[in-house]
Amino acid sequence: MPPSSASAPASHHLRLWWRRRGRAGAAGATFAVALLAAALLLTLSYYASGPLASDSSSAAGRSPALVGLTLVRRAQEKGALCLDGSVPGYHLQRGSGSGSESWLIHLEGGGWCRNLKSCGSRQRSVLGSSRFMERQIEFTGILSDDKSQNPDFYNWNKVKIRYCDGASFAGNVKDELQNGTRFFFRGQRIWEAVMNELVFKGLGNAKQAFLTGCSAGGLATYIHCDAFRALLPTDSRVKCLADGGFFLDVKDISGKRTMQSFYSDVVRLQGLRERFSHCNSNMEPGQCFFPREVVRHIVNPVFILNPAYDAWQVQHALAPEASDPQRSWLDCRLDIAKCTSEQLEILQGFRKELHDAISEVKQKRDWGFYINSCFVHCQSLNSWTWHSPTSPRVNNKSIAEAVGDWFFDRREVKEIDCEYPCNPTCHNLVFARPFKI
């Protein structure tokens, strides 16, 4: 999520359409209107980790399941608290039938805060306080209980853990007072408290378990994957999926490392350097936080789901507003179809950076990846992109099909799409204006 004062913007600050090549007319207009209406309902965090469009199960006549919020028991005495000191929470939908002993855990995304001012803003939002969290949310995409939309995981126990610590569930600062104001940087304790509660509720006896996350939650999935494996029986099948979470340590168009600088502030603020054993004194603090460094030390199998032209990273890592005072990248940042040939060449270089960054993963036999050529961010929580008749495909496989094949060892899945604009099945985001900073 963005190097911003709070996080990714609220969806009501955005006007989103899905663009598909070769489709226009009344059908396209109807689709766009439906998506715009859905976007108006999304909260601040949902651009990162929630449905981006009208869910296809709803379009088929069935509304997505509404799942209630559960607040963590005895969180106060454990010190497992959101930024403002409120109790963290999660949404749990029980499985049934053949899925009753299988668990899918999803870590919500929503950016990071880099200083006390931006963390203070979060304290007054769903990304920093359970006081503002919805009491019920829709479960869609990989969380859906509709077999037609989620064929492999529809009847599992499914959990969405709400994100309210500002540092991908990684901080553990004992001191509450920061410059005279109370802040709780306790993401690690939130992770542990929720896991302990879920283990008691049945996760500890799971025969199969899948840790997933989107955006900042995708980064958290990398961070906690091995710890998750350690919670489960040794004979259980346990894997992890990070969606839109492979943030790159790249130079922006002005030659600065905007994301590294941003991450360095987050690491210093929440004392994360000690959290990562791979973080040595020769590294900038922010380097420790990038997935390329984190994945080198993960033992458990992980699936990397990422678009090669991540819309969030294009806007905030590759071409942030501060690097473009002449606003020459504005149209390209809003709509990849409006990029000039020179800008597309830079975007192809960004794609190559991602391929290079996952080069070590290619050698890991039990890992998997699915890198499509779409201009989007997270893709697992929206049924249009996860699994539907019009979902993006690589080698004629939807994301859900590829992930299912990998999780159940039906085949090796290491899919890399061709360069933009080769894939006509992509749903490319189009923005009315950039993400709010």
# chains A, B, ... in the order shown; residues from 1 in each chain; ligands from 1
>>> residues_around(residues="region 411-413 of chain A", least_positions_apart="4", cutoff="12 Å", atoms="only C-alpha atoms", output="compact mmCIF listing (two decimals) with N, CA, C and O atoms, in the first residue's frame")
# COMPACT_ATOMS: atom_id res chain seq x y z
N VAL A 302 5.45 -21.31 -0.53
CA VAL A 302 4.71 -20.06 -0.73
C VAL A 302 4.33 -19.92 -2.20
O VAL A 302 5.12 -20.29 -3.09
N PHE A 303 3.15 -19.37 -2.45
CA PHE A 303 2.70 -19.04 -3.79
C PHE A 303 2.68 -17.53 -3.93
O PHE A 303 2.06 -16.83 -3.13
N ILE A 304 3.37 -17.01 -4.96
CA ILE A 304 3.43 -15.57 -5.20
C ILE A 304 2.44 -15.21 -6.30
O ILE A 304 2.58 -15.66 -7.45
N LEU A 305 1.43 -14.44 -5.95
CA LEU A 305 0.45 -13.94 -6.92
C LEU A 305 0.66 -12.43 -7.07
O LEU A 305 0.48 -11.68 -6.11
N VAL A 361 13.12 -17.86 -6.32
CA VAL A 361 11.91 -18.65 -6.09
C VAL A 361 11.73 -19.67 -7.21
O VAL A 361 11.23 -20.79 -6.98
N LYS A 362 12.15 -19.31 -8.40
CA LYS A 362 12.00 -20.23 -9.54
C LYS A 362 12.72 -21.54 -9.30
O LYS A 362 12.35 -22.57 -9.87
N LYS A 364 12.95 -23.01 -6.35
CA LYS A 364 12.35 -23.75 -5.24
C LYS A 364 11.23 -24.65 -5.78
O LYS A 364 10.19 -24.15 -6.22
N ARG A 365 11.45 -25.93 -5.74
CA ARG A 365 10.56 -26.87 -6.40
C ARG A 365 9.12 -26.80 -5.89
O ARG A 365 8.17 -26.92 -6.66
N ASP A 366 8.95 -26.63 -4.57
CA ASP A 366 7.60 -26.68 -4.01
C ASP A 366 6.94 -25.31 -3.92
O ASP A 366 5.83 -25.20 -3.39
N TRP A 367 7.58 -24.26 -4.42
CA TRP A 367 6.96 -22.93 -4.46
C TRP A 367 6.23 -22.76 -5.79
O TRP A 367 6.44 -23.53 -6.74
N GLY A 368 5.38 -21.77 -5.85
CA GLY A 368 4.66 -21.49 -7.08
C GLY A 368 4.47 -20.00 -7.29
O GLY A 368 4.65 -19.21 -6.36
N PHE A 369 4.13 -19.63 -8.51
CA PHE A 369 3.83 -18.22 -8.77
C PHE A 369 2.93 -18.08 -10.00
O PHE A 369 2.86 -18.97 -10.86
N TYR A 370 2.27 -16.93 -10.03
CA TYR A 370 1.35 -16.59 -11.12
C TYR A 370 1.49 -15.09 -11.34
O TYR A 370 0.99 -14.28 -10.57
N ILE A 371 2.25 -14.72 -12.37
CA ILE A 371 2.53 -13.32 -12.66
C ILE A 371 1.83 -12.97 -13.97
O ILE A 371 2.29 -13.36 -15.06
N VAL A 394 -3.91 -17.09 -17.52
CA VAL A 394 -2.58 -17.32 -18.06
C VAL A 394 -2.52 -18.80 -18.40
O VAL A 394 -2.84 -19.65 -17.56
N ASN A 395 -2.16 -19.12 -19.66
CA ASN A 395 -2.18 -20.50 -20.13
C ASN A 395 -3.54 -21.15 -19.87
O ASN A 395 -3.64 -22.31 -19.45
N LYS A 397 -5.64 -20.75 -17.55
CA LYS A 397 -5.97 -21.07 -16.16
C LYS A 397 -6.33 -19.79 -15.42
O LYS A 397 -5.59 -18.80 -15.47
N SER A 398 -7.46 -19.81 -14.71
CA SER A 398 -7.79 -18.68 -13.84
C SER A 398 -6.85 -18.72 -12.63
O SER A 398 -6.17 -19.72 -12.38
N ILE A 399 -6.85 -17.64 -11.87
CA ILE A 399 -6.00 -17.60 -10.67
C ILE A 399 -6.42 -18.69 -9.70
O ILE A 399 -5.58 -19.40 -9.14
N ALA A 400 -7.73 -18.84 -9.48
CA ALA A 400 -8.21 -19.86 -8.55
C ALA A 400 -7.80 -21.26 -8.98
O ALA A 400 -7.41 -22.10 -8.15
N GLU A 401 -7.88 -21.53 -10.27
CA GLU A 401 -7.49 -22.86 -10.77
C GLU A 401 -6.00 -23.10 -10.56
O GLU A 401 -5.58 -24.18 -10.14
N ALA A 402 -5.19 -22.07 -10.84
CA ALA A 402 -3.75 -22.22 -10.68
C ALA A 402 -3.37 -22.42 -9.22
O ALA A 402 -2.55 -23.28 -8.88
N VAL A 403 -3.98 -21.62 -8.33
CA VAL A 403 -3.68 -21.74 -6.90
C VAL A 403 -4.12 -23.09 -6.36
O VAL A 403 -3.40 -23.74 -5.61
N GLY A 404 -5.31 -23.54 -6.77
CA GLY A 404 -5.79 -24.85 -6.33
C GLY A 404 -4.89 -25.98 -6.81
O GLY A 404 -4.58 -26.91 -6.06
N ASP A 405 -4.49 -25.91 -8.08
CA ASP A 405 -3.59 -26.94 -8.62
C ASP A 405 -2.30 -27.01 -7.80
O ASP A 405 -1.79 -28.09 -7.51
N TRP A 406 -1.78 -25.82 -7.45
CA TRP A 406 -0.53 -25.78 -6.68
C TRP A 406 -0.73 -26.28 -5.26
O TRP A 406 0.05 -27.11 -4.76
N PHE A 407 -1.77 -25.80 -4.60
CA PHE A 407 -1.96 -26.18 -3.19
C PHE A 407 -2.11 -27.69 -3.04
O PHE A 407 -1.56 -28.30 -2.12
>>> select_by_dssp(residues="region 263-417 of chain A", states="strand (DSSP E)", output="list in words")
Val302, Phe303, Ile304, Leu305, Asn306, Pro307, Gly368, Phe369, Tyr370, Ile371, Asn372, Lys414, Glu415 and Ile416 of chain A
>>> write_last_selection(atoms="all heavy atoms", output="compact mmCIF listing (two decimals), in the first residue's frame")
# COMPACT_ATOMS: atom_id res chain seq x y z
N VAL A 302 5.45 -21.31 -0.53
CA VAL A 302 4.71 -20.06 -0.73
C VAL A 302 4.33 -19.92 -2.20
O VAL A 302 5.12 -20.29 -3.09
CB VAL A 302 5.54 -18.84 -0.29
CG1 VAL A 302 4.77 -17.54 -0.55
CG2 VAL A 302 5.93 -18.94 1.18
N PHE A 303 3.15 -19.37 -2.45
CA PHE A 303 2.70 -19.04 -3.79
C PHE A 303 2.68 -17.53 -3.93
O PHE A 303 2.06 -16.83 -3.13
CB PHE A 303 1.31 -19.60 -4.06
CG PHE A 303 0.88 -19.56 -5.50
CD1 PHE A 303 1.07 -20.64 -6.33
CD2 PHE A 303 0.28 -18.42 -6.03
CE1 PHE A 303 0.68 -20.62 -7.66
CE2 PHE A 303 -0.12 -18.38 -7.36
CZ PHE A 303 0.08 -19.49 -8.18
N ILE A 304 3.37 -17.01 -4.96
CA ILE A 304 3.43 -15.57 -5.20
C ILE A 304 2.44 -15.21 -6.30
O ILE A 304 2.58 -15.66 -7.45
CB ILE A 304 4.85 -15.13 -5.61
CG1 ILE A 304 5.85 -15.44 -4.49
CG2 ILE A 304 4.88 -13.65 -5.96
CD1 ILE A 304 7.30 -15.20 -4.87
N LEU A 305 1.43 -14.44 -5.95
CA LEU A 305 0.45 -13.94 -6.92
C LEU A 305 0.66 -12.43 -7.07
O LEU A 305 0.48 -11.68 -6.11
CB LEU A 305 -0.98 -14.24 -6.42
CG LEU A 305 -2.13 -13.56 -7.17
CD1 LEU A 305 -2.12 -13.97 -8.65
CD2 LEU A 305 -3.47 -13.91 -6.52
N ASN A 306 1.08 -12.01 -8.24
CA ASN A 306 1.36 -10.59 -8.45
C ASN A 306 1.13 -10.20 -9.91
O ASN A 306 1.45 -10.98 -10.81
CB ASN A 306 2.82 -10.27 -8.11
CG ASN A 306 2.98 -9.34 -6.93
OD1 ASN A 306 2.88 -9.76 -5.79
ND2 ASN A 306 3.21 -8.07 -7.21
N PRO A 307 0.59 -9.01 -10.14
CA PRO A 307 0.57 -8.51 -11.52
C PRO A 307 1.94 -7.93 -11.85
O PRO A 307 2.60 -7.35 -10.99
CB PRO A 307 -0.50 -7.41 -11.47
CG PRO A 307 -0.46 -6.90 -10.07
CD PRO A 307 -0.08 -8.08 -9.21
N GLY A 368 5.38 -21.77 -5.85
CA GLY A 368 4.66 -21.49 -7.08
C GLY A 368 4.47 -20.00 -7.29
O GLY A 368 4.65 -19.21 -6.36
N PHE A 369 4.13 -19.63 -8.51
CA PHE A 369 3.83 -18.22 -8.77
C PHE A 369 2.93 -18.08 -10.00
O PHE A 369 2.86 -18.97 -10.86
CB PHE A 369 5.11 -17.38 -8.92
CG PHE A 369 6.15 -17.94 -9.85
CD1 PHE A 369 6.07 -17.77 -11.22
CD2 PHE A 369 7.23 -18.64 -9.33
CE1 PHE A 369 7.03 -18.28 -12.07
CE2 PHE A 369 8.22 -19.15 -10.18
CZ PHE A 369 8.11 -18.97 -11.55
N TYR A 370 2.27 -16.93 -10.03
CA TYR A 370 1.35 -16.59 -11.12
C TYR A 370 1.49 -15.09 -11.34
O TYR A 370 0.99 -14.28 -10.57
CB TYR A 370 -0.07 -16.96 -10.71
CG TYR A 370 -1.15 -16.86 -11.77
CD1 TYR A 370 -1.63 -18.01 -12.41
CD2 TYR A 370 -1.73 -15.64 -12.09
CE1 TYR A 370 -2.66 -17.93 -13.34
CE2 TYR A 370 -2.77 -15.57 -13.02
CZ TYR A 370 -3.22 -16.71 -13.64
OH TYR A 370 -4.25 -16.64 -14.56
N ILE A 371 2.25 -14.72 -12.37
CA ILE A 371 2.53 -13.32 -12.66
C ILE A 371 1.83 -12.97 -13.97
O ILE A 371 2.29 -13.36 -15.06
CB ILE A 371 4.05 -13.07 -12.80
CG1 ILE A 371 4.82 -13.68 -11.62
CG2 ILE A 371 4.32 -11.57 -12.93
CD1 ILE A 371 4.50 -13.08 -10.27
N ASN A 372 0.69 -12.29 -13.88
CA ASN A 372 0.00 -11.91 -15.12
C ASN A 372 0.39 -10.49 -15.54
O ASN A 372 1.06 -9.77 -14.81
CB ASN A 372 -1.51 -12.10 -15.01
CG ASN A 372 -2.15 -11.30 -13.89
OD1 ASN A 372 -1.62 -10.28 -13.44
ND2 ASN A 372 -3.30 -11.74 -13.42
N LYS A 414 4.10 -22.46 -12.22
CA LYS A 414 5.05 -21.35 -12.28
C LYS A 414 4.76 -20.59 -13.57
O LYS A 414 5.43 -20.77 -14.59
CB LYS A 414 6.49 -21.85 -12.20
CG LYS A 414 6.79 -22.48 -10.82
CD LYS A 414 8.24 -22.90 -10.66
CE LYS A 414 8.47 -23.43 -9.24
NZ LYS A 414 9.85 -23.91 -9.03
N GLU A 415 3.71 -19.76 -13.48
CA GLU A 415 3.18 -19.10 -14.66
C GLU A 415 3.66 -17.65 -14.75
O GLU A 415 3.48 -16.87 -13.81
CB GLU A 415 1.64 -19.10 -14.63
CG GLU A 415 1.00 -20.48 -14.47
CD GLU A 415 1.08 -21.32 -15.73
OE1 GLU A 415 1.76 -20.92 -16.68
OE2 GLU A 415 0.46 -22.40 -15.77
N ILE A 416 4.25 -17.31 -15.88
CA ILE A 416 4.64 -15.93 -16.15
C ILE A 416 4.03 -15.52 -17.49
O ILE A 416 4.27 -16.15 -18.52
CB ILE A 416 6.17 -15.75 -16.19
CG1 ILE A 416 6.75 -16.01 -14.79
CG2 ILE A 416 6.55 -14.36 -16.67
CD1 ILE A 416 8.25 -15.79 -14.69
>>> atom_distance(atom1="CA of Trp329 (chain A)", atom2="CA of Glu342 (chain A)")
10.7 Å
>>> atom_distance(atom1="CA of Trp103 (chain A)", atom2="CA of Ser236 (chain A)")
11.0 Å
>>> select_by_dssp(residues="region 125-337 of chain A", states="alpha helix (DSSP H)", output="VMD selection string")
chain A and resid 187 to 200 216 to 231 258 to 269 291 to 294 311 to 313 330 to 334
>>> residues_around(residues="region 204-212 of chain A", least_positions_apart="2", cutoff="8 Å", atoms="only C-alpha atoms", output="VMD selection string")
chain A and resid 101 to 107 198 to 202 214 217 to 218 221 225 228 231 to 233 235 to 243
>>> atom_distance(atom1="CA of Pro325 (chain A)", atom2="CA of Gln313 (chain A)")
18.1 Å
>>> residues_around(residues="Ser373 (chain A)", least_positions_apart="3", cutoff="6 Å", atoms="only C-alpha atoms", output="PyMOL selection string")
chain A and resi 307-308+417+420
>>> write_last_selection(atoms="all heavy atoms", output="CSV table (one decimal), in the first residue's frame")
chain,number,residue,atom,x,y,z
A,307,PRO,N,0.6,-9.0,-10.1
A,307,PRO,CA,0.6,-8.5,-11.5
A,307,PRO,C,1.9,-7.9,-11.9
A,307,PRO,O,2.6,-7.4,-11.0
A,307,PRO,CB,-0.5,-7.4,-11.5
A,307,PRO,CG,-0.5,-6.9,-10.1
A,307,PRO,CD,-0.1,-8.1,-9.2
A,308,ALA,N,2.4,-8.1,-13.1
A,308,ALA,CA,3.7,-7.6,-13.5
A,308,ALA,C,3.7,-6.0,-13.5
A,308,ALA,O,4.7,-5.4,-13.3
A,308,ALA,CB,4.0,-8.1,-14.9
A,417,ASP,N,3.2,-14.5,-17.4
A,417,ASP,CA,2.5,-14.0,-18.6
A,417,ASP,C,3.5,-13.3,-19.6
A,417,ASP,O,4.6,-12.9,-19.2
A,417,ASP,CB,1.4,-13.0,-18.1
A,417,ASP,CG,0.3,-13.0,-19.1
A,417,ASP,OD1,0.3,-13.6,-20.2
A,417,ASP,OD2,-0.7,-12.3,-18.7
A,420,TYR,N,2.7,-6.8,-21.5
A,420,TYR,CA,1.5,-6.0,-21.9
A,420,TYR,C,1.8,-5.4,-23.3
A,420,TYR,O,2.9,-5.0,-23.6
A,420,TYR,CB,1.4,-4.8,-20.8
A,420,TYR,CG,0.3,-3.8,-21.2
A,420,TYR,CD1,-1.0,-4.0,-20.9
A,420,TYR,CD2,0.7,-2.7,-22.0
A,420,TYR,CE1,-2.0,-3.1,-21.3
A,420,TYR,CE2,-0.3,-1.8,-22.4
A,420,TYR,CZ,-1.6,-2.0,-22.0
A,420,TYR,OH,-2.6,-1.1,-22.4
>>> closest_residue(among="A:Phe185, A:Tyr154, A:Phe132, A:Phe246", to="Gly79 (chain A)", atoms="only C-alpha atoms")
A:Phe185
>>> closest_residue(among="A:Glu274, A:Glu419, A:Glu321, A:Asp265", to="Ser118 (chain A)", atoms="only C-alpha atoms")
A:Asp265
>>> residues_around(residues="Leu71 (chain A)", least_positions_apart="6", cutoff="9 Å", atoms="only C-alpha atoms", output="list of chain:residue names")
A:Val87, A:Pro88, A:Gly89, A:Tyr90, A:His91, A:Ser130
>>> closest_residue(among="A:Met283, A:Ile298, A:Val266, A:Val159", to="Glu197 (chain A)", atoms="only C-alpha atoms")
A:Val159
>>> closest_residue(among="A:Ser98, A:Asp409, A:Glu353, A:Val430", to="Leu330 (chain A)", atoms="only C-alpha atoms")
A:Val430
>>> closest_residue(among="A:Ser380, A:Thr258, A:Ser96, A:Asn428", to="Ala337 (chain A)", atoms="only C-alpha atoms")
A:Asn428
>>> residues_around(residues="Asn115 (chain A)", least_positions_apart="5", cutoff="12 Å", atoms="only C-alpha atoms", output="PyMOL selection string")
chain A and resi 3-6+120-122+166-167+178-179+183+185+262-270
>>> closest_residue(among="A:Gly244, A:Pro285, A:Gly171, A:Gly349", to="Ala80 (chain A)", atoms="only C-alpha atoms")
A:Gly171
